[in-house]
file work.tsv (TSV, C-alpha atoms)
chain	number	residue	atom	x	y	z
A	1	MET	CA	116.65	113.89	113.92
A	2	ARG	CA	117.73	116.78	111.74
A	3	LEU	CA	116.05	118.17	108.64
A	4	ASP	CA	118.75	116.71	106.38
A	5	GLN	CA	118.07	113.26	107.87
A	6	LEU	CA	114.34	113.66	107.21
A	7	GLU	CA	115.19	114.68	103.66
A	8	HIS	CA	117.39	111.60	103.28
A	9	ILE	CA	114.60	109.29	104.44
A	10	LEU	CA	112.07	110.92	102.14
A	11	GLY	CA	114.40	110.71	99.16
A	12	ALA	CA	114.97	107.03	99.87
A	13	ALA	CA	111.23	106.43	100.39
A	14	ALA	CA	110.51	108.10	97.04
A	15	ASN	CA	112.83	105.62	95.39
A	16	VAL	CA	111.24	102.66	97.20
A	17	VAL	CA	107.62	103.38	96.23
A	18	GLU	CA	108.30	105.53	93.15
A	19	GLU	CA	106.15	108.32	94.50
A	20	ASP	CA	107.09	111.84	95.46
A	21	GLU	CA	104.54	112.92	98.07
A	22	PHE	CA	104.50	111.69	101.67
A	23	VAL	CA	102.53	112.58	104.77
A	24	VAL	CA	104.62	112.80	107.94
A	25	VAL	CA	102.53	112.27	111.07
A	26	GLY	CA	104.90	111.43	113.92
A	27	SER	CA	106.92	113.69	116.16
A	28	GLN	CA	109.42	114.52	113.45
A	29	ALA	CA	106.65	116.29	111.51
A	30	ILE	CA	107.77	119.21	113.67
A	31	LEU	CA	110.62	119.69	111.21
A	32	GLY	CA	108.04	120.97	108.71
A	33	THR	CA	107.30	124.09	110.74
A	34	GLU	CA	110.18	124.19	113.21
A	35	PRO	CA	113.39	122.90	111.59
A	36	ASP	CA	115.34	124.43	114.48
A	37	ALA	CA	113.05	123.05	117.20
A	38	PRO	CA	114.59	122.35	120.60
A	39	LYS	CA	116.74	119.21	120.49
A	40	ILE	CA	114.52	117.45	123.03
A	41	LEU	CA	111.71	117.46	120.43
A	42	LEU	CA	114.01	116.06	117.74
A	43	ARG	CA	115.42	113.08	119.58
A	44	SER	CA	113.37	110.40	117.79
A	45	LEU	CA	115.33	108.30	115.31
A	46	GLU	CA	112.24	107.41	113.27
A	47	VAL	CA	109.97	109.20	110.84
A	48	ASP	CA	106.33	108.04	110.76
A	49	LEU	CA	105.12	108.50	107.20
A	50	TYR	CA	103.05	107.12	104.38
A	51	PRO	CA	102.80	107.75	100.63
A	52	ARG	CA	100.13	110.41	100.15
A	53	ARG	CA	98.50	108.86	97.09
A	54	SER	CA	98.87	105.19	98.04
A	55	PRO	CA	99.07	104.82	101.82
A	56	GLU	CA	98.72	101.06	101.47
A	57	ARG	CA	102.33	101.00	100.23
A	58	ALA	CA	103.66	102.14	103.63
A	59	ASP	CA	104.66	98.54	104.36
A	60	GLU	CA	107.15	98.68	101.49
A	61	ILE	CA	108.81	101.68	103.13
A	62	ASP	CA	108.83	99.89	106.47
A	63	GLY	CA	110.48	96.84	104.91
A	64	ALA	CA	113.16	98.76	103.02
A	65	LEU	CA	113.89	101.63	105.42
A	66	GLY	CA	112.39	100.50	108.73
A	67	ASP	CA	113.65	99.52	112.15
A	68	GLY	CA	116.50	97.02	111.79
A	69	SER	CA	116.79	97.47	108.01
A	70	GLN	CA	120.13	97.90	106.24
A	71	PHE	CA	119.23	101.59	105.91
A	72	HIS	CA	118.75	101.85	109.70
A	73	ARG	CA	121.97	99.96	110.44
A	74	THR	CA	123.90	102.16	108.02
A	75	PHE	CA	122.56	105.57	109.00
A	76	GLY	CA	121.23	105.18	112.55
A	77	TYR	CA	117.73	106.49	111.75
A	78	TYR	CA	114.81	104.97	109.91
A	79	ALA	CA	111.32	105.27	108.44
A	80	HIS	CA	108.25	103.76	110.03
A	81	GLY	CA	105.61	103.17	107.40
A	82	VAL	CA	102.22	103.93	108.94
A	83	GLY	CA	98.68	104.58	107.71
A	84	PRO	CA	96.47	107.68	107.71
A	85	GLU	CA	94.62	106.30	110.75
A	86	THR	CA	97.79	106.37	112.88
A	87	ALA	CA	97.46	109.95	114.07
A	88	ILE	CA	94.23	111.16	115.64
A	89	CYS	CA	94.00	114.78	114.55
A	90	PRO	CA	91.33	117.48	114.56
A	91	ALA	CA	89.09	117.68	111.51
A	92	GLY	CA	90.61	119.76	108.75
A	93	TRP	CA	94.17	118.65	109.46
A	94	GLU	CA	94.72	117.73	105.81
A	95	GLU	CA	94.17	121.35	104.77
A	96	ARG	CA	96.72	122.52	107.35
A	97	LEU	CA	99.56	120.22	106.29
A	98	VAL	CA	102.87	122.02	105.81
A	99	ALA	CA	104.65	121.19	102.55
A	100	VAL	CA	108.42	120.77	102.66
A	101	ARG	CA	110.13	120.27	99.31
A	102	ILE	CA	113.06	117.88	99.43
A	103	HIS	CA	116.00	118.40	97.08
A	104	PRO	CA	116.72	115.38	94.90
A	105	ARG	CA	119.34	112.98	96.26
A	106	PRO	CA	122.56	112.56	94.26
A	107	GLY	CA	121.90	110.27	91.32
A	108	SER	CA	118.12	110.80	91.47
A	109	ASP	CA	115.78	113.22	89.77
A	110	ARG	CA	112.93	112.60	92.23
A	111	GLN	CA	111.94	115.68	94.22
A	112	ALA	CA	109.98	114.41	97.18
A	113	VAL	CA	107.56	116.57	99.14
A	114	ALA	CA	106.85	115.97	102.81
A	115	PHE	CA	103.41	117.07	103.95
A	116	CYS	CA	103.98	117.50	107.68
A	117	LEU	CA	101.32	117.89	110.34
A	118	GLU	CA	100.88	121.50	111.36
A	119	ILE	CA	102.36	121.86	114.83
A	120	HIS	CA	99.07	122.26	116.77
A	121	ASP	CA	97.64	119.19	115.00
A	122	LEU	CA	100.87	117.33	115.75
A	123	VAL	CA	100.75	118.17	119.46
A	124	LEU	CA	97.09	117.16	119.67
A	125	SER	CA	97.81	113.85	117.95
A	126	LYS	CA	100.53	113.26	120.55
A	127	CYS	CA	98.05	114.14	123.32
A	128	ALA	CA	95.54	111.66	121.88
A	129	ALA	CA	98.22	108.94	122.02
A	130	GLY	CA	98.50	109.84	125.71
A	131	ARG	CA	101.89	108.31	126.54
A	132	GLN	CA	104.13	110.13	129.01
A	133	GLN	CA	106.60	110.96	126.24
A	134	ASP	CA	103.75	112.55	124.27
A	135	TRP	CA	102.70	114.75	127.19
A	136	ASP	CA	106.35	115.73	127.66
A	137	PHE	CA	106.48	116.69	123.97
A	138	ALA	CA	103.37	118.84	124.43
A	139	LEU	CA	104.81	120.52	127.52
A	140	VAL	CA	108.03	121.47	125.72
A	141	ALA	CA	106.09	122.77	122.71
A	142	LEU	CA	103.99	124.94	125.05
A	143	THR	CA	106.95	126.09	127.15
A	144	GLU	CA	108.93	127.07	124.06
A	145	GLY	CA	105.95	128.98	122.63
A	146	LEU	CA	105.70	126.76	119.56
A	147	VAL	CA	101.98	126.22	120.23
A	148	THR	CA	99.35	128.04	122.24
A	149	ALA	CA	97.03	126.43	124.75
A	150	SER	CA	94.06	128.37	123.42
A	151	GLU	CA	94.58	127.03	119.87
A	152	LEU	CA	95.08	123.49	121.13
A	153	ILE	CA	91.95	123.59	123.30
A	154	GLY	CA	90.05	125.26	120.46
A	155	ARG	CA	90.72	122.28	118.18
A	156	VAL	CA	89.99	119.49	120.66
A	157	ASP	CA	86.26	119.35	119.90
A	158	ALA	CA	87.09	118.64	116.25
A	159	MET	CA	88.87	115.40	117.19
A	160	SER	CA	87.13	112.08	116.55
A	161	LEU	CA	87.28	110.92	120.15
A	162	GLU	CA	84.67	110.12	122.75
A	163	GLU	CA	83.78	113.09	124.93
A	164	ALA	CA	85.71	111.58	127.85
A	165	GLY	CA	88.87	111.55	125.70
A	166	ARG	CA	88.36	115.14	124.58
A	167	ARG	CA	87.72	116.19	128.18
A	168	GLU	CA	90.95	114.50	129.30
A	169	ILE	CA	92.96	116.26	126.58
A	170	ARG	CA	91.47	119.66	127.44
A	171	SER	CA	92.27	119.10	131.11
A	172	MET	CA	95.82	117.93	130.43
A	173	VAL	CA	96.54	120.81	128.02
A	174	ASP	CA	95.20	123.26	130.58
A	175	GLY	CA	97.45	121.74	133.27
A	176	LEU	CA	100.48	121.73	130.97
A	177	ALA	CA	99.82	125.36	130.04
A	178	ARG	CA	99.81	126.32	133.71
A	179	ARG	CA	103.06	124.40	134.27
A	180	SER	CA	104.65	126.10	131.28
A	181	GLY	CA	103.51	129.56	132.32
A	182	ARG	CA	101.79	130.00	128.94
A	183	THR	CA	98.08	129.87	129.54
A	184	GLY	CA	97.09	132.05	126.57
call {"tool": "encode", "arguments": {"input": "work.tsv", "output": "structure tokens"}}
result
Amino acid sequence: MRLDQLEHILGAAANVVEEDEFVVVGSQAILGTEPDAPKILLRSLEVDLYPRRSPERADEIDGALGDGSQFHRTFGYYAHGVGPETAICPAGWEERLVAVRIHPRPGSDRQAVAFCLEIHDLVLSKCAAGRQQDWDFALVALTEGLVTASELIGRVDAMSLEEAGRREIRSMVDGLARRSGRTG
């Protein structure tokens, strides 16, 4: 996904729910801090988001712009309406959100704002999901120097996970850092 595609989805979502602020929690939140991120990190065709002020309306976005919708069939990418509980992030993540202002779409005066997960919080939420694709995402982010292992490990204890889960994430991040050659 490219930044202009994220902007398109957010503009459309603003029209669907008549709100202008959205929280982006999935992998494409990387566009908030790294719009020129390596292509391998931008390969998802979906944006996980919810309206900031009324997250319960995420289903409306999913219905209008989601997987299999007319929007998806027309443009080849789509929105996945999710809730605030979707991403497991370290405490304080809300204060670290990165605001991206979206220019109004033609024929609209709505200026949407995407509040994207800060990249360390994003990588840790991917680690908490624990799928192979999420670990691969973390490895590329480390290898490319987009995140540091020390910052990731420093935030793990602030995640609302059982100690065994936090221990696993610390261990995996440490191993990925060694593989990437970026242990600092």
call {"tool": "closest_residue", "arguments": {"input": "work.tsv", "among": "A:Gly11, A:Gly165, A:Gly68, A:Pro55", "to": "Pro84 of chain A", "atoms": "only C-alpha atoms"}}
result
A:Pro55
call {"tool": "residues_around", "arguments": {"input": "work.tsv", "residues": "segment 122-126 of chain A", "least_positions_apart": "6", "cutoff": "8 Å", "atoms": "all atoms listed in the file", "output": "PyMOL selection string"}}
result
chain A and resi 25-27+29-30+87-90+134-135+137-138+141+152+156
call {"tool": "atom_distance", "arguments": {"input": "work.tsv", "atom1": "atom CA of Ser44 of chain A", "atom2": "atom CA of Glu19 of chain A"}}
result
24.5 Å
call {"tool": "closest_residue", "arguments": {"input": "work.tsv", "among": "A:Asp67, A:Glu21, A:Asp174, A:Asp121", "to": "Pro51 of chain A", "atoms": "all atoms listed in the file"}}
result
A:Glu21
call {"tool": "atom_distance", "arguments": {"input": "work.tsv", "atom1": "atom CA of Gly32 of chain A", "atom2": "atom CA of Leu3 of chain A"}}
result
8.5 Å
call {"tool": "decode", "arguments": {"input": "work.tsv", "residues": "segment 20-91 of chain A", "atoms": "C-alpha atoms", "output": "CSV table (one decimal), in the first residue's frame"}}
result
chain,number,residue,atom,x,y,z
A,20,ASP,CA,-12.6,13.0,10.5
A,21,GLU,CA,-10.2,11.2,13.0
A,22,PHE,CA,-9.2,7.6,12.7
A,23,VAL,CA,-6.7,5.4,14.5
A,24,VAL,CA,-4.6,3.1,12.3
A,25,VAL,CA,-3.3,0.0,14.1
A,26,GLY,CA,-2.3,-2.5,11.5
A,27,SER,CA,0.9,-2.9,9.5
A,28,GLN,CA,0.0,0.0,7.3
A,29,ALA,CA,0.3,2.4,10.3
A,30,ILE,CA,4.0,2.4,9.3
A,31,LEU,CA,3.0,4.9,6.6
A,32,GLY,CA,2.6,7.5,9.4
A,33,THR,CA,6.3,7.5,10.3
A,34,GLU,CA,7.8,5.8,7.3
A,35,PRO,CA,5.9,6.7,4.1
A,36,ASP,CA,8.9,5.4,2.1
A,37,ALA,CA,9.3,2.2,4.1
A,38,PRO,CA,10.7,-0.8,2.3
A,39,LYS,CA,8.1,-2.3,-0.1
A,40,ILE,CA,8.1,-5.6,1.8
A,41,LEU,CA,6.5,-3.7,4.8
A,42,LEU,CA,3.9,-2.1,2.5
A,43,ARG,CA,2.6,-5.2,0.8
A,44,SER,CA,-0.7,-5.5,2.7
A,45,LEU,CA,-3.8,-4.4,0.8
A,46,GLU,CA,-5.8,-3.6,3.9
A,47,VAL,CA,-5.8,-0.8,6.5
A,48,ASP,CA,-6.9,-1.8,10.0
A,49,LEU,CA,-8.6,1.3,11.5
A,50,TYR,CA,-11.4,2.6,13.6
A,51,PRO,CA,-13.0,6.0,14.1
A,52,ARG,CA,-11.2,7.7,17.0
A,53,ARG,CA,-14.3,9.1,18.7
A,54,SER,CA,-16.7,6.3,18.0
A,55,PRO,CA,-14.8,3.0,17.6
A,56,GLU,CA,-18.1,1.1,17.6
A,57,ARG,CA,-18.8,2.4,14.1
A,58,ALA,CA,-15.9,0.4,12.7
A,59,ASP,CA,-18.4,-2.1,11.4
A,60,GLU,CA,-19.8,0.5,9.1
A,61,ILE,CA,-16.4,1.1,7.5
A,62,ASP,CA,-15.9,-2.7,7.2
A,63,GLY,CA,-19.3,-3.0,5.4
A,64,ALA,CA,-18.7,-0.1,3.0
A,65,LEU,CA,-15.0,-0.3,2.3
A,66,GLY,CA,-14.0,-3.8,3.5
A,67,ASP,CA,-12.8,-7.1,2.0
A,68,GLY,CA,-15.0,-7.9,-1.0
A,69,SER,CA,-16.8,-4.6,-1.0
A,70,GLN,CA,-17.4,-2.5,-4.2
A,71,PHE,CA,-14.6,-0.2,-3.0
A,72,HIS,CA,-12.2,-3.2,-2.8
A,73,ARG,CA,-13.2,-4.6,-6.1
A,74,THR,CA,-12.8,-1.2,-7.7
A,75,PHE,CA,-9.5,-0.2,-6.2
A,76,GLY,CA,-7.8,-3.4,-5.1
A,77,TYR,CA,-7.3,-2.4,-1.5
A,78,TYR,CA,-9.6,-2.0,1.4
A,79,ALA,CA,-10.3,-1.0,5.0
A,80,HIS,CA,-10.7,-3.4,7.8
A,81,GLY,CA,-12.8,-1.9,10.6
A,82,VAL,CA,-11.4,-3.0,13.9
A,83,GLY,CA,-11.7,-2.0,17.6
A,84,PRO,CA,-9.2,-0.4,20.0
A,85,GLU,CA,-8.6,-3.9,21.5
A,86,THR,CA,-7.2,-5.3,18.2
A,87,ALA,CA,-3.6,-4.2,18.8
A,88,ILE,CA,-1.8,-5.1,22.0
A,89,CYS,CA,0.5,-2.2,22.6
A,90,PRO,CA,2.6,-0.9,25.4
A,91,ALA,CA,1.0,1.5,27.9
